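Take a look at the structure below.
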Amino acid sequence: MTGPATVFDKPTDYIGKSIPRSDASRLLRGKGHYVDDIQLPRMVHAVFLRSPHAHAKIISIDIKEAEKAKGVIAIYTGNDIAKHVEPYVGVLSHLPGLRSPAQYPLAVDVARWQGEPVAVVVCSSRALGEDALELINISYEPLPAVTDTMDALSSESPLIHKEYDSNLAWKREVEVGSLDEALSGDEVVVVEKQMKFGRHTGVTLETRATVCDYVPGDDELIMYYAGQAPHMLQFILAKHLNMLEENVRVVAHDVGGSFGIKVHTYGDEIATAIIAKLLKRPVKFTADRLESFVTDIHARDHVVNAKIGVRKDGSIVGMGFNDFTGIGPFSMYPRTSAIECNQILNLTGAPYQFEHYHAVGNVVFQNKTLMCQYRAVGHPIAMAISDCMLEEAARVIGMDPVQIRKKNLIPDDAYPTKSTTGMRFDDLSHHACLDKLLEIMDYDKLLLDQEEHRKRGIYRGIGFVSLVEVTNPSPMFYGIGGAPIASQDGATVRLDAAGALHVSSSVTEQGQGTNAILQQIAADVFGVSIERVKVTTGDTATVPYGGGTWASRGAGIGGEAMLQAAYALKEQVLSTAAVILQAKAEELDISFGEVVLKSSGEQKISLGDLAKIVYYRGNELPNDLQPELIATRHYRVTDFPFVFTNGAMAAHVEVDTNTGLIKILHFWAVEDCGRVINPQLVDDQIRGGVVQGIGGALYEECVYDADGQMQNASMADYLVPMAGEMPEITVAHVETFTKTSVLGAKGAGEAGTGGAPAAIMNAVNNALSPLDCGIWQMPMTPERVLRALGKI
C-alpha cells in the first residue's frame, strides 16, 4: 500500500495550478447568499441605541414614548439583557497578569466608549426602529474620557474601572542578554527613534450581520453569521446563554470579507441571540457603516520608543523597545486584546541574528472602541520596528540596506533554529527570497534612476523589508490559555452514487478562495475531475469540528485535513475495487473518475458504477466487506507552536516635497508560503494584503478628539486605498515546503499586510534622506511629511 508521500504523482494534477474559483461565476452574477439576504417568517429587526459619550454614567432610561412608536415589538436595556447572559471576561491563562472586568452585551450603569450599545429596539423594520430610537430618553452623567494612551498611565489619570489601581491591563517584559551594556561599547552605533502607528480598522465590504432564530420546541438556536469561526461562536453562545452546545447551530454562508474583524464576540450579536430566545422568533441585526466604524474592533494603536545598535561593519548587536498600546475599555473576548502586543514582543527582529534584546509591552485601557486581532496581528509594527530601525542604522553608518540585511539575516542552511526571542523556525528562506527580490526589481537600475531624478529635484526612494508571518498555529496559540478556539480542523470526503465527491470542512470561506483550495486538493488527491467536487463549509450542523478561518491557516491546516481525508477515501475505494475486479489494490489507481490499472491507465470501472454496487447491490460484495465510501480526518500542527512563512518585499516611491504627497511607483513581494496550491489565488491574496498594508502606511487612521469622539466615521472621511492608489504589485515565490505536513503548505494571507508598511516607510525615508529628515509615524499623511520637512 502506497503512503501519503506519493499522493501528488497522478494524472489529475490540480495542485499548483491557477484554476478559476468555481463560485466566481455565481458571485459575479450577484447570486451570493449573505446574511442580510436572509428573510424568515415573522422576522423582526434589532436596532441599537449607542452611547454618544466615550465615558458616562447612565442615570436613567425612559422608554415609554418609544414603546408606543409604530412597529415596536419590544425594547430592552442593558440591565434587561444582563439577566439572560453569563458575563464574559477577555483574559487567557498563558498571558499572566492580563486583567479585564466582566462584560455584558449592552452597557450596564456606565458606558465606556462612543458607540457602546445601551438599549435595543426590536421593530418590524430597521427604518421604524431607528425612528423609535429617537424617542428613548436617556439621562447621562458625563465622566472624564481617558483617550491618550500615555496619559492613561499617569497617576493623575481618571480610572476607567474603579476596581483597578491603574489603567494598565497587562505588561510583559522580554529580555535576552544585556542590551544596555552591549550598546555602551565604543564600537557600537546606536540609533533611537519614537515610532507611532495609527489606530485603524478592517472596513469589510459586508458589515457585521446576524440573523438569530430560536425554535422553542427543540430549544434550538440557529445563528446565521457573517463570520470566521462558527464552532467557536457555537461554544460561546451555548456557554453564556445557558444552552446545550448541540442545540446551538451557527451557519456562515457567503461572507463579504473579514480580515479578522469578524472573529470576535460582539455584544450586539449576542444580544440579538438573546432577544430571539426571549421573543421566540427570528431577529436580524445588520450594522450600518457608522456602527461598523465605532463598534468593529480597531487595531495598531501603538507608540514605540525603539533603539538598535550596530557595529560599523553592519552586524546587529541588539535591539529593544518600549511599546504602549491602547485597547479600549475592555480586553476583547475570547481572544483578548493583548495578543497584538504579545506578537510584537515575540516577532520583532525575528529574521535576524543578534544576541541582545530587551522589549517591554504595555497594554492600556482607554475610552475608545475595543482593539483586537486584525489581519497580520502585530506584524506591521514588529516588522517596522526592526526593519525601519535597521535601515536607519544603515544610513548612519553609510551601508547599503541590502548589504546590511545580508550581513544579519538568518542563513538559509541554519534551520531548524530559534530567534533571539525563542521562536522556533524551520523551512525558511530569507536569503533566497531577498536574492529573488533583487532580481525581479532590478535594484541596480532603480539606484541609477533614483540618482538621475535627485539631480532634477525629484525625490524617489527604495525601501525593503524582510519578514516572517505566523501561520498554521498549534494549540499553543489559544487553546493553551483556555480559549474555546480549535487549533485543529476537520474534513469529510464522501463518494456519492454518481461518482461525485462531496467534501466538507471546518475552515470557512470569507471571499479568499478557501473552497476552491479544498476542491483542488480533494480532486487532485482522490483522482476526479474538479467539476465533480462539491464543497460545503460554514455550518456547525454538517461540517467536522474545527477552528475556522484565522491566522492564515485555511490551506495549511484545513487543506492538510482534506488531503488526508481524500487519501483515506481513495484507499477505501481501491480496496473495494480490488475485490470487485479481483485485482490487487496496489495495482490500481483513480484517474478522472475511473478506476484504472496503474501500469497502463486502462479503465476498469467507473466510480459511479462502483458506488452503485456498494449502495444498491451490496449483495454482490463479500459479507466481510463493508465499504463506507466516506472518510473524515482531522489535523493539527504538533511539531512546532507555529509554522512560519517568510518573505522579502520592496517599495519604490516618489515624495512630492511641495505637497507632501507620496506616490508608490511599484511594489514587489517575494513570498515563501511553502507549497503553492493555486498561484493566482495566492498572488492575489498577497496583493490584497499589500493594499491593506498601503492603507495603514499612508491613509487609514481612526481619528479621535480629546473627548473620545471618532471624527472620521464615514467612508467619505476614513481613507482607504482605491484603484487610483494601487501601484503595480509584482509577486514571486520561493517554495520551501513545511515538514509539518504532507501537503507542505504554509499560510499566505497576511504577509502583504505585515510587511508593506515597513517597506513603504523605509522607501519614504530613503527618498527624504538627502534632505536630512525622516518620518516615523503612520499613516504618513501629506501633513506629516510636510512637518518632517519643516514646511509647516
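Residues are referred to by chain and number: the chain letter is A, B, ... according to the order shown in the C-alpha cells, the number counts from 1 in that chain, and ligands are numbered separately from 1 in the order shown.
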Open item on the list: So that I can see what lies close to region 784-789 of chain A, please list as number ranges by chain the residues with an atom at most 8 Å from it, counting only C-alpha atoms and leaving out residues fewer than 6 positions away in the same chain.
Closed with: A: 657-661, 771, 773-775, 777
Could you save the residues just selected, with N, CA and C atoms, as a PDB file, in the first residue's frame?
ATOM      1  N   THR A 657       7.849  66.985  -2.414  1.00  0.00           N
ATOM      2  CA  THR A 657       8.263  67.773  -1.248  1.00  0.00           C
ATOM      3  C   THR A 657       7.523  69.101  -1.151  1.00  0.00           C
ATOM      4  N   ASN A 658       6.737  69.438  -2.154  1.00  0.00           N
ATOM      5  CA  ASN A 658       5.918  70.661  -2.088  1.00  0.00           C
ATOM      6  C   ASN A 658       4.549  70.404  -1.489  1.00  0.00           C
ATOM      7  N   THR A 659       3.979  69.227  -1.776  1.00  0.00           N
ATOM      8  CA  THR A 659       2.631  68.909  -1.281  1.00  0.00           C
ATOM      9  C   THR A 659       2.638  67.876  -0.166  1.00  0.00           C
ATOM     10  N   GLY A 660       3.738  67.121  -0.014  1.00  0.00           N
ATOM     11  CA  GLY A 660       3.793  66.042   0.959  1.00  0.00           C
ATOM     12  C   GLY A 660       3.163  64.755   0.470  1.00  0.00           C
ATOM     13  N   LEU A 661       2.659  64.718  -0.752  1.00  0.00           N
ATOM     14  CA  LEU A 661       2.020  63.517  -1.288  1.00  0.00           C
ATOM     15  C   LEU A 661       3.062  62.453  -1.608  1.00  0.00           C
ATOM     16  N   LEU A 771      17.554  65.266   2.264  1.00  0.00           N
ATOM     17  CA  LEU A 771      17.056  66.482   2.897  1.00  0.00           C
ATOM     18  C   LEU A 771      17.247  66.449   4.408  1.00  0.00           C
ATOM     19  N   CYS A 773      16.013  64.576   6.781  1.00  0.00           N
ATOM     20  CA  CYS A 773      14.812  64.449   7.612  1.00  0.00           C
ATOM     21  C   CYS A 773      14.209  63.071   7.383  1.00  0.00           C
ATOM     22  N   GLY A 774      13.274  62.729   8.234  1.00  0.00           N
ATOM     23  CA  GLY A 774      12.590  61.446   8.109  1.00  0.00           C
ATOM     24  C   GLY A 774      11.249  61.510   8.791  1.00  0.00           C
ATOM     25  N   ILE A 775      10.443  60.496   8.564  1.00  0.00           N
ATOM     26  CA  ILE A 775       9.110  60.434   9.163  1.00  0.00           C
ATOM     27  C   ILE A 775       8.970  59.090   9.856  1.00  0.00           C
ATOM     28  N   GLN A 777       5.971  58.165  11.737  1.00  0.00           N
ATOM     29  CA  GLN A 777       4.585  57.994  12.164  1.00  0.00           C
ATOM     30  C   GLN A 777       3.736  57.527  10.989  1.00  0.00           C
TER      31      GLN A 777
END
Where does region 508-555 of chain A meet region 634-639 of chain A within 12 Å, residue by residue, with the nearest atom pair and distance in Å to one decimal for each, counting only C-alpha atoms, listed by chain and rising number, as JSON lines?
{"residue": "A:Val543", "atom": "CA", "partner": "A:His634", "partner_atom": "CA", "distance": 11.6}
{"residue": "A:Pro544", "atom": "CA", "partner": "A:His634", "partner_atom": "CA", "distance": 8.3}
{"residue": "A:Tyr545", "atom": "CA", "partner": "A:His634", "partner_atom": "CA", "distance": 8.5}
{"residue": "A:Gly546", "atom": "CA", "partner": "A:His634", "partner_atom": "CA", "distance": 8.3}
{"residue": "A:Gly547", "atom": "CA", "partner": "A:Arg636", "partner_atom": "CA", "distance": 10.1}
{"residue": "A:Arg553", "atom": "CA", "partner": "A:Arg636", "partner_atom": "CA", "distance": 10.2}
{"residue": "A:Gly554", "atom": "CA", "partner": "A:Tyr635", "partner_atom": "CA", "distance": 11.5}
{"residue": "A:Ala555", "atom": "CA", "partner": "A:Tyr635", "partner_atom": "CA", "distance": 11.5}
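Inside region 727-779 of chain A, the residues DSSP reads as strand (DSSP E) when given the backbone are A:Glu728, A:Ile729, A:Thr730, A:Val731, A:Ala732, A:His733, A:Gln777, A:Met778.
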Task: Which of A:Asp412, A:Asp684, A:Asp624, A:Glu700 sits closest to Met778 (chain A) [using only C-alpha atoms] - done: A:Glu700
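The closest residue to Phe644 (chain A), picked from A:Pro105, A:Gly696, A:Gly513, A:Gly556 and counting only C-alpha atoms, is A:Gly556.
Minimum atom-to-atom distance to Ile339 (chain A), evaluated using only C-alpha atoms, belongs to A:Val363 out of A:Asp296, A:Lys663, A:Val363, A:Ala74.
Closest approach to Leu768 (chain A) among A:Glu291, A:Glu392, A:Asp672, A:Asp609: A:Glu392, based on only C-alpha atoms.
Among the candidates A:Pro473, A:Gly754, A:Gly314, A:Pro142, the residue lying nearest to Trp550 (chain A) is A:Pro473 (atoms considered: only C-alpha atoms).
A straight line drawn from CA of Ile517 (chain A) to CA of Gly559 (chain A) is 7.3 Å long.
Distance-wise, CA of Lys598 (chain A) and CA of Gln582 (chain A) end up 14.8 Å apart.
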Open item on the list: Using only C-alpha atoms, which protein or nucleic acid residues come within 12 Å of Leu221 (chain A)? Drop anything in the same chain fewer than 5 positions from it, and give the result as an MDAnalysis selection string.
Closed with: chainID A and resid 211:216 233:234 237:238 241:251 270 272:278 280:283 540:541
Open item on the list: One decimal, in Å: what's the spacing between CA of Arg26 (chain A) and CA of His253 (chain A)?
Closed with: 13.3 Å
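Closest approach to His358 (chain A) among A:Ala491, A:Ile75, A:Ala229, A:Val174 is made by A:Val174 (distances from only C-alpha atoms).
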Task: DSSP-assigned alpha helix (DSSP H) members of region 570-617 of chain A, reported as a ChimeraX atom specification - done: /A:570-581,607-616
Could you write out that same residue set with N, CA, C and O atoms as a PDB file, in the first residue's frame?
ATOM      1  N   LYS A 570      -9.720   7.293  -0.829  1.00  0.00           N
ATOM      2  CA  LYS A 570      -9.138   6.635  -2.002  1.00  0.00           C
ATOM      3  C   LYS A 570      -8.707   5.212  -1.668  1.00  0.00           C
ATOM      4  O   LYS A 570      -8.931   4.273  -2.461  1.00  0.00           O
ATOM      5  N   GLU A 571      -8.108   5.029  -0.501  1.00  0.00           N
ATOM      6  CA  GLU A 571      -7.720   3.680  -0.079  1.00  0.00           C
ATOM      7  C   GLU A 571      -8.933   2.766   0.024  1.00  0.00           C
ATOM      8  O   GLU A 571      -8.894   1.608  -0.397  1.00  0.00           O
ATOM      9  N   GLN A 572     -10.020   3.296   0.589  1.00  0.00           N
ATOM     10  CA  GLN A 572     -11.263   2.523   0.677  1.00  0.00           C
ATOM     11  C   GLN A 572     -11.741   2.089  -0.697  1.00  0.00           C
ATOM     12  O   GLN A 572     -12.095   0.928  -0.926  1.00  0.00           O
ATOM     13  N   VAL A 573     -11.803   3.053  -1.612  1.00  0.00           N
ATOM     14  CA  VAL A 573     -12.339   2.788  -2.946  1.00  0.00           C
ATOM     15  C   VAL A 573     -11.473   1.767  -3.682  1.00  0.00           C
ATOM     16  O   VAL A 573     -11.985   0.827  -4.315  1.00  0.00           O
ATOM     17  N   LEU A 574     -10.160   1.923  -3.599  1.00  0.00           N
ATOM     18  CA  LEU A 574      -9.288   0.993  -4.304  1.00  0.00           C
ATOM     19  C   LEU A 574      -9.349  -0.401  -3.701  1.00  0.00           C
ATOM     20  O   LEU A 574      -9.263  -1.406  -4.423  1.00  0.00           O
ATOM     21  N   SER A 575      -9.515  -0.489  -2.384  1.00  0.00           N
ATOM     22  CA  SER A 575      -9.669  -1.797  -1.748  1.00  0.00           C
ATOM     23  C   SER A 575     -10.957  -2.472  -2.211  1.00  0.00           C
ATOM     24  O   SER A 575     -10.983  -3.688  -2.481  1.00  0.00           O
ATOM     25  N   THR A 576     -12.030  -1.680  -2.317  1.00  0.00           N
ATOM     26  CA  THR A 576     -13.302  -2.213  -2.796  1.00  0.00           C
ATOM     27  C   THR A 576     -13.196  -2.601  -4.265  1.00  0.00           C
ATOM     28  O   THR A 576     -13.676  -3.662  -4.690  1.00  0.00           O
ATOM     29  N   ALA A 577     -12.568  -1.747  -5.072  1.00  0.00           N
ATOM     30  CA  ALA A 577     -12.407  -2.047  -6.492  1.00  0.00           C
ATOM     31  C   ALA A 577     -11.587  -3.308  -6.694  1.00  0.00           C
ATOM     32  O   ALA A 577     -11.849  -4.101  -7.620  1.00  0.00           O
ATOM     33  N   ALA A 578     -10.565  -3.516  -5.839  1.00  0.00           N
ATOM     34  CA  ALA A 578      -9.730  -4.705  -5.969  1.00  0.00           C
ATOM     35  C   ALA A 578     -10.552  -5.973  -5.792  1.00  0.00           C
ATOM     36  O   ALA A 578     -10.350  -6.970  -6.503  1.00  0.00           O
ATOM     37  N   VAL A 579     -11.516  -5.937  -4.868  1.00  0.00           N
ATOM     38  CA  VAL A 579     -12.382  -7.098  -4.659  1.00  0.00           C
ATOM     39  C   VAL A 579     -13.281  -7.305  -5.868  1.00  0.00           C
ATOM     40  O   VAL A 579     -13.433  -8.420  -6.382  1.00  0.00           O
ATOM     41  N   ILE A 580     -13.900  -6.235  -6.334  1.00  0.00           N
ATOM     42  CA  ILE A 580     -14.822  -6.338  -7.468  1.00  0.00           C
ATOM     43  C   ILE A 580     -14.092  -6.815  -8.718  1.00  0.00           C
ATOM     44  O   ILE A 580     -14.589  -7.647  -9.486  1.00  0.00           O
ATOM     45  N   LEU A 581     -12.881  -6.302  -8.949  1.00  0.00           N
ATOM     46  CA  LEU A 581     -12.128  -6.606 -10.167  1.00  0.00           C
ATOM     47  C   LEU A 581     -11.213  -7.810 -10.011  1.00  0.00           C
ATOM     48  O   LEU A 581     -10.543  -8.211 -10.972  1.00  0.00           O
ATOM     49  N   LEU A 607     -16.193   5.220 -11.060  1.00  0.00           N
ATOM     50  CA  LEU A 607     -16.547   5.427  -9.649  1.00  0.00           C
ATOM     51  C   LEU A 607     -18.052   5.353  -9.449  1.00  0.00           C
ATOM     52  O   LEU A 607     -18.529   4.876  -8.415  1.00  0.00           O
ATOM     53  N   GLY A 608     -18.809   5.841 -10.418  1.00  0.00           N
ATOM     54  CA  GLY A 608     -20.256   5.769 -10.305  1.00  0.00           C
ATOM     55  C   GLY A 608     -20.743   4.328 -10.264  1.00  0.00           C
ATOM     56  O   GLY A 608     -21.612   3.974  -9.442  1.00  0.00           O
ATOM     57  N   ASP A 609     -20.199   3.472 -11.128  1.00  0.00           N
ATOM     58  CA  ASP A 609     -20.614   2.063 -11.125  1.00  0.00           C
ATOM     59  C   ASP A 609     -20.186   1.383  -9.833  1.00  0.00           C
ATOM     60  O   ASP A 609     -20.937   0.589  -9.246  1.00  0.00           O
ATOM     61  N   LEU A 610     -18.975   1.702  -9.370  1.00  0.00           N
ATOM     62  CA  LEU A 610     -18.524   1.111  -8.112  1.00  0.00           C
ATOM     63  C   LEU A 610     -19.433   1.537  -6.963  1.00  0.00           C
ATOM     64  O   LEU A 610     -19.844   0.698  -6.136  1.00  0.00           O
ATOM     65  N   ALA A 611     -19.769   2.825  -6.905  1.00  0.00           N
ATOM     66  CA  ALA A 611     -20.614   3.318  -5.816  1.00  0.00           C
ATOM     67  C   ALA A 611     -21.999   2.702  -5.872  1.00  0.00           C
ATOM     68  O   ALA A 611     -22.602   2.408  -4.822  1.00  0.00           O
ATOM     69  N   LYS A 612     -22.517   2.484  -7.068  1.00  0.00           N
ATOM     70  CA  LYS A 612     -23.865   1.882  -7.179  1.00  0.00           C
ATOM     71  C   LYS A 612     -23.857   0.450  -6.668  1.00  0.00           C
ATOM     72  O   LYS A 612     -24.837  -0.003  -6.048  1.00  0.00           O
ATOM     73  N   ILE A 613     -22.764  -0.269  -6.906  1.00  0.00           N
ATOM     74  CA  ILE A 613     -22.664  -1.620  -6.351  1.00  0.00           C
ATOM     75  C   ILE A 613     -22.703  -1.562  -4.825  1.00  0.00           C
ATOM     76  O   ILE A 613     -23.418  -2.310  -4.156  1.00  0.00           O
ATOM     77  N   VAL A 614     -21.921  -0.660  -4.270  1.00  0.00           N
ATOM     78  CA  VAL A 614     -21.850  -0.558  -2.804  1.00  0.00           C
ATOM     79  C   VAL A 614     -23.177  -0.111  -2.216  1.00  0.00           C
ATOM     80  O   VAL A 614     -23.677  -0.701  -1.241  1.00  0.00           O
ATOM     81  N   TYR A 615     -23.795   0.925  -2.807  1.00  0.00           N
ATOM     82  CA  TYR A 615     -25.006   1.496  -2.213  1.00  0.00           C
ATOM     83  C   TYR A 615     -26.260   0.682  -2.521  1.00  0.00           C
ATOM     84  O   TYR A 615     -27.155   0.574  -1.687  1.00  0.00           O
ATOM     85  N   TYR A 616     -26.351   0.115  -3.746  1.00  0.00           N
ATOM     86  CA  TYR A 616     -27.606  -0.504  -4.176  1.00  0.00           C
ATOM     87  C   TYR A 616     -27.551  -2.024  -4.277  1.00  0.00           C
ATOM     88  O   TYR A 616     -28.577  -2.698  -4.113  1.00  0.00           O
TER      89      TYR A 616
END
Region 319-413 of chain A near region 90-97 of chain A within 7 Å: what's each residue's closest atom pair and its distance in Å to one decimal, counting only C-alpha atoms, ordered by chain then ascending residue number, as a Markdown table?
| residue | atom | partner | partner_atom | distance |
| --- | --- | --- | --- | --- |
| A:Ser331 | CA | A:Gly90 | CA | 4.9 |
| A:Met332 | CA | A:Gly90 | CA | 5.1 |
| A:Tyr333 | CA | A:Gly90 | CA | 4.1 |
| A:Pro334 | CA | A:Gly90 | CA | 5.2 |
| A:Arg335 | CA | A:Gly90 | CA | 6.8 |
| A:Thr336 | CA | A:Gly90 | CA | 4.9 |
